[in-house]
Amino acid sequence: MTDIVKDTLPITGSIALSAFVLWMIVGVLGGIIAALNRGRWIDRVIVALALIGFSLPSFFIGLILLTFVAIKWEIVPVPAYTAFTENPFLWAQGLVLPAITLACIFAASYVRLTRAYMIETMSEDYIRTAKAKGVKPWTIVRRHGLRAALTPIVTAAGLDLGGLLGGAVITEQVFNFQGLGWTAVRSIVATDLPVIVGMVLVAAAFIVLANLVVDVLYGVIDPRVRLT
């Protein structure tokens with residue numbers, strides 16, 4: 001079981017972490033732009049794209065990207081996992097489509113989440129006070145608005161990343177990446193109980209670790225939070 005985890009964890013970890021970076025950048029930035037332009041055309045476009053991305057299943061997005069981007073148009077090669085230690089460039093190249101597939105789903109959720117909390121935060125009294133004092137708009141957004149809105153975003157991000165590290169099941173199946181999720185499915189089909197139990201324990205361990213990291217980050221984001 002240890003050998004299985006050692007062989008499959010780098011694959012799942014690579015997909016999950018690359019997708020995490022992508023969806024956090026796109027989702028949070030998109031949510032901030034939408035919130036600051038509430039009611040304008042750019043807000044409507046971003047929200048519409050987020051709703052479309054949120055409604056599409058990951059296997060559909062993955063198959064579309066694989067069929068057209070990799071096979072038909074040949075923009076990128078058909079995804080295949082290469083260890084980072086062997087060739088960093090091929091490692092990154094193979095993760096492009098799987099990471100985009102996962103990021104489309106999660107970024108849509110984070111656009112909506114960030115937008116909602118940013119709109120709520122930017123309407124607070126202390127934000128109006130900062131504007132009245134002549135504080136630069138970007139400083140208000142970065143130091144006051146975004147920092148206050150980060151707590152629920154970090155909570156969701158920790159749980160989502162922890163769940164993905166336990167196995168990006170559908171994405172691994174679509175792109176034939178033999179990670180933790182792929183192994184779990186094969187174990188269930190083969191009724192390999194020891195491997196199934198091991199996969200569940202690994203996934204549970206990542207969820208617990210993600211919650212621990214989130215609790216620690218609360219104290220960094222919000223000084224009012226004190227860890228006990």
# chains A, B, ... in the order shown; residues from 1 in each chain; ligands from 1

call {"tool": "residues_around", "arguments": {"residues": "stretch 153-165 of chain A", "least_positions_apart": "5", "cutoff": "8 Å", "atoms": "only C-alpha atoms", "output": "short mmCIF file (atom, residue, chain, number, x, y, z; two decimals) with C-alpha atoms, in the first residue's frame"}}
result
data_model
loop_
_atom_site.label_atom_id
_atom_site.label_comp_id
_atom_site.auth_asym_id
_atom_site.auth_seq_id
_atom_site.Cartn_x
_atom_site.Cartn_y
_atom_site.Cartn_z
CA LEU A 9 0.43 10.67 -4.96
CA THR A 12 -2.64 13.51 -8.09
CA GLY A 13 -0.69 16.16 -6.19
CA ALA A 16 -4.45 19.27 -7.73
CA LEU A 17 -1.82 21.90 -6.96
CA PHE A 20 -5.48 25.11 -7.32
CA TYR A 110 -14.73 31.19 -6.43
CA LEU A 113 -17.95 33.48 -3.66
CA THR A 114 -15.40 36.29 -3.93
CA ALA A 203 -8.13 11.12 1.46
CA PHE A 206 -5.59 15.27 3.48
CA ILE A 207 -8.95 16.65 4.62
CA VAL A 208 -7.73 16.78 8.24
CA LEU A 209 -4.46 18.40 7.15
CA ALA A 210 -6.30 20.96 5.04
CA ASN A 211 -8.52 21.93 7.97
CA VAL A 213 -3.74 24.60 7.67
CA VAL A 214 -6.93 26.68 7.29
CA LEU A 217 -4.15 30.75 8.26
#

call {"tool": "closest_atom_pairs", "arguments": {"of": "stretch 148-197 of chain A", "to": "stretch 119-124 of chain A", "cutoff": "12 Å", "atoms": "only C-alpha atoms", "output": "Markdown table"}}
result
| residue | atom | partner | partner_atom | distance |
| --- | --- | --- | --- | --- |
| A:Ala148 | CA | A:Thr121 | CA | 6.9 |
| A:Ala149 | CA | A:Thr121 | CA | 6.7 |
| A:Leu150 | CA | A:Thr121 | CA | 10.4 |
| A:Thr151 | CA | A:Thr121 | CA | 11.8 |

call {"tool": "write_last_selection", "arguments": {"atoms": "C-alpha atoms", "output": "short mmCIF file (atom, residue, chain, number, x, y, z; two decimals), in the first residue's frame"}}
result
data_model
loop_
_atom_site.label_atom_id
_atom_site.label_comp_id
_atom_site.auth_asym_id
_atom_site.auth_seq_id
_atom_site.Cartn_x
_atom_site.Cartn_y
_atom_site.Cartn_z
CA ALA A 148 -11.81 40.76 5.27
CA ALA A 149 -13.31 38.63 2.48
CA LEU A 150 -10.48 36.10 2.51
CA THR A 151 -11.65 34.10 5.54
#

call {"tool": "residues_around", "arguments": {"residues": "A:Thr101", "least_positions_apart": "2", "cutoff": "7 Å", "atoms": "only C-alpha atoms", "output": "short mmCIF file (atom, residue, chain, number, x, y, z; two decimals) with all heavy atoms, in the first residue's frame"}}
result
data_model
loop_
_atom_site.label_atom_id
_atom_site.label_comp_id
_atom_site.auth_asym_id
_atom_site.auth_seq_id
_atom_site.Cartn_x
_atom_site.Cartn_y
_atom_site.Cartn_z
N SER A 58 -17.16 18.16 -15.07
CA SER A 58 -15.73 18.11 -15.37
C SER A 58 -15.40 17.15 -16.50
O SER A 58 -14.50 17.42 -17.30
CB SER A 58 -14.94 17.73 -14.11
OG SER A 58 -15.38 16.48 -13.62
N ILE A 61 -16.01 19.02 -19.84
CA ILE A 61 -14.95 19.98 -20.14
C ILE A 61 -13.67 19.26 -20.53
O ILE A 61 -12.99 19.62 -21.50
CB ILE A 61 -14.69 20.89 -18.93
CG1 ILE A 61 -15.94 21.72 -18.60
CG2 ILE A 61 -13.50 21.82 -19.18
CD1 ILE A 61 -15.81 22.54 -17.33
N GLY A 62 -13.34 18.20 -19.79
CA GLY A 62 -12.13 17.44 -20.09
C GLY A 62 -12.15 16.81 -21.46
O GLY A 62 -11.16 16.85 -22.21
N LEU A 97 -3.97 20.63 -19.66
CA LEU A 97 -5.40 20.34 -19.86
C LEU A 97 -6.09 19.82 -18.60
O LEU A 97 -7.19 20.28 -18.28
CB LEU A 97 -5.58 19.36 -21.03
CG LEU A 97 -5.18 19.88 -22.41
CD1 LEU A 97 -5.58 18.88 -23.49
CD2 LEU A 97 -5.80 21.23 -22.69
N PRO A 98 -5.48 18.88 -17.85
CA PRO A 98 -6.14 18.47 -16.59
C PRO A 98 -6.32 19.64 -15.61
O PRO A 98 -7.36 19.74 -14.96
CB PRO A 98 -5.19 17.42 -16.03
CG PRO A 98 -4.46 16.88 -17.20
CD PRO A 98 -4.31 18.04 -18.13
N ALA A 99 -5.32 20.51 -15.52
CA ALA A 99 -5.42 21.65 -14.60
C ALA A 99 -6.51 22.62 -15.04
O ALA A 99 -7.29 23.11 -14.22
CB ALA A 99 -4.08 22.37 -14.50
N ALA A 103 -9.77 23.63 -12.98
CA ALA A 103 -9.83 25.06 -12.65
C ALA A 103 -11.12 25.69 -13.16
O ALA A 103 -11.66 26.60 -12.51
CB ALA A 103 -8.63 25.79 -13.24
N CYS A 104 -11.64 25.24 -14.31
CA CYS A 104 -12.89 25.80 -14.83
C CYS A 104 -14.04 25.60 -13.85
O CYS A 104 -14.86 26.50 -13.64
CB CYS A 104 -13.23 25.14 -16.18
SG CYS A 104 -12.21 25.69 -17.56
#

call {"tool": "select_by_dssp", "arguments": {"residues": "stretch 97-220 of chain A", "states": "alpha helix (DSSP H)", "output": "number ranges by chain"}}
result
A: 97-122, 125-132, 137-139, 146-165, 169-175, 180-189, 193-220

call {"tool": "write_last_selection", "arguments": {"atoms": "C-alpha atoms", "output": "compact mmCIF listing (two decimals), in the first residue's frame"}}
result
# COMPACT_ATOMS: atom_id res chain seq x y z
CA LEU A 97 -5.40 20.34 -19.86
CA PRO A 98 -6.14 18.47 -16.59
CA ALA A 99 -5.42 21.65 -14.60
CA ILE A 100 -7.64 23.78 -16.85
CA THR A 101 -10.43 21.20 -16.59
CA LEU A 102 -10.47 21.32 -12.80
CA ALA A 103 -9.83 25.06 -12.65
CA CYS A 104 -12.89 25.80 -14.83
CA ILE A 105 -15.18 24.11 -12.32
CA PHE A 106 -13.66 25.58 -9.17
CA ALA A 107 -12.89 29.04 -10.56
CA ALA A 108 -16.57 29.50 -11.35
CA SER A 109 -17.45 28.86 -7.70
CA TYR A 110 -14.73 31.19 -6.43
CA VAL A 111 -15.81 34.01 -8.73
CA ARG A 112 -19.27 33.89 -7.20
CA LEU A 113 -17.95 33.48 -3.66
CA THR A 114 -15.40 36.29 -3.93
CA ARG A 115 -17.85 38.62 -5.61
CA ALA A 116 -20.49 38.11 -2.93
CA TYR A 117 -18.14 38.69 0.00
CA MET A 118 -16.36 41.61 -1.66
CA ILE A 119 -19.67 43.37 -2.31
CA GLU A 120 -20.65 42.82 1.32
CA THR A 121 -17.29 43.99 2.65
CA MET A 122 -17.02 47.04 0.40
CA ASP A 125 -18.73 51.65 7.30
CA TYR A 126 -14.95 51.38 7.70
CA ILE A 127 -14.57 51.14 3.92
CA ARG A 128 -16.53 54.37 3.48
CA THR A 129 -14.38 55.97 6.18
CA ALA A 130 -11.20 54.94 4.35
CA LYS A 131 -12.56 56.42 1.11
CA ALA A 132 -13.45 59.64 2.91
CA PRO A 137 -8.82 52.69 -4.13
CA TRP A 138 -6.44 49.77 -4.71
CA THR A 139 -5.15 50.07 -1.13
CA LEU A 146 -9.97 41.57 0.22
CA ARG A 147 -8.42 40.78 3.57
CA ALA A 148 -11.81 40.76 5.27
CA ALA A 149 -13.31 38.63 2.48
CA LEU A 150 -10.48 36.10 2.51
CA THR A 151 -11.65 34.10 5.54
CA PRO A 152 -14.53 32.25 3.83
CA ILE A 153 -12.46 31.94 0.64
CA VAL A 154 -9.59 30.29 2.52
CA THR A 155 -12.04 27.93 4.23
CA ALA A 156 -13.47 26.77 0.91
CA ALA A 157 -10.03 26.59 -0.71
CA GLY A 158 -8.63 24.38 2.03
CA LEU A 159 -11.48 21.89 1.82
CA ASP A 160 -11.46 21.82 -1.99
CA LEU A 161 -7.70 21.30 -2.20
CA GLY A 162 -7.80 18.63 0.50
CA GLY A 163 -10.52 16.79 -1.37
CA LEU A 164 -8.61 16.96 -4.65
CA LEU A 165 -5.42 15.68 -3.06
CA VAL A 169 -11.28 10.86 -9.77
CA ILE A 170 -13.10 12.01 -12.92
CA THR A 171 -10.27 14.11 -14.33
CA GLU A 172 -7.78 11.29 -13.85
CA GLN A 173 -10.14 8.92 -15.65
CA VAL A 174 -10.64 11.28 -18.59
CA PHE A 175 -6.93 11.92 -19.15
CA LEU A 180 -4.98 8.19 -6.39
CA GLY A 181 -8.44 8.62 -7.92
CA TRP A 182 -7.69 6.33 -10.84
CA THR A 183 -6.30 3.71 -8.46
CA ALA A 184 -9.34 3.99 -6.18
CA VAL A 185 -11.72 3.33 -9.08
CA ARG A 186 -9.72 0.33 -10.25
CA SER A 187 -9.63 -1.01 -6.70
CA ILE A 188 -13.40 -0.71 -6.35
CA VAL A 189 -13.96 -2.52 -9.66
CA LEU A 193 -10.54 -4.00 -0.07
CA PRO A 194 -7.07 -3.22 1.40
CA VAL A 195 -6.34 -0.69 -1.34
CA ILE A 196 -9.82 0.85 -1.01
CA VAL A 197 -9.33 1.29 2.74
CA GLY A 198 -5.90 2.78 2.13
CA MET A 199 -7.25 5.28 -0.39
CA VAL A 200 -10.00 6.36 2.01
CA LEU A 201 -7.48 6.87 4.80
CA VAL A 202 -5.22 8.93 2.55
CA ALA A 203 -8.13 11.12 1.46
CA ALA A 204 -9.25 11.57 5.07
CA ALA A 205 -5.71 12.51 6.10
CA PHE A 206 -5.59 15.27 3.48
CA ILE A 207 -8.95 16.65 4.62
CA VAL A 208 -7.73 16.78 8.24
CA LEU A 209 -4.46 18.40 7.15
CA ALA A 210 -6.30 20.96 5.04
CA ASN A 211 -8.52 21.93 7.97
CA LEU A 212 -5.45 22.33 10.18
CA VAL A 213 -3.74 24.60 7.67
CA VAL A 214 -6.93 26.68 7.29
CA ASP A 215 -7.16 27.14 11.07
CA VAL A 216 -3.57 28.37 11.16
CA LEU A 217 -4.15 30.75 8.26
CA TYR A 218 -7.11 32.32 10.06
CA GLY A 219 -4.69 33.85 12.56
CA VAL A 220 -2.52 35.23 9.76

call {"tool": "atom_distance", "arguments": {"atom1": "atom CA of A:Ser18", "atom2": "atom CA of A:Leu95"}}
result
7.5 Å
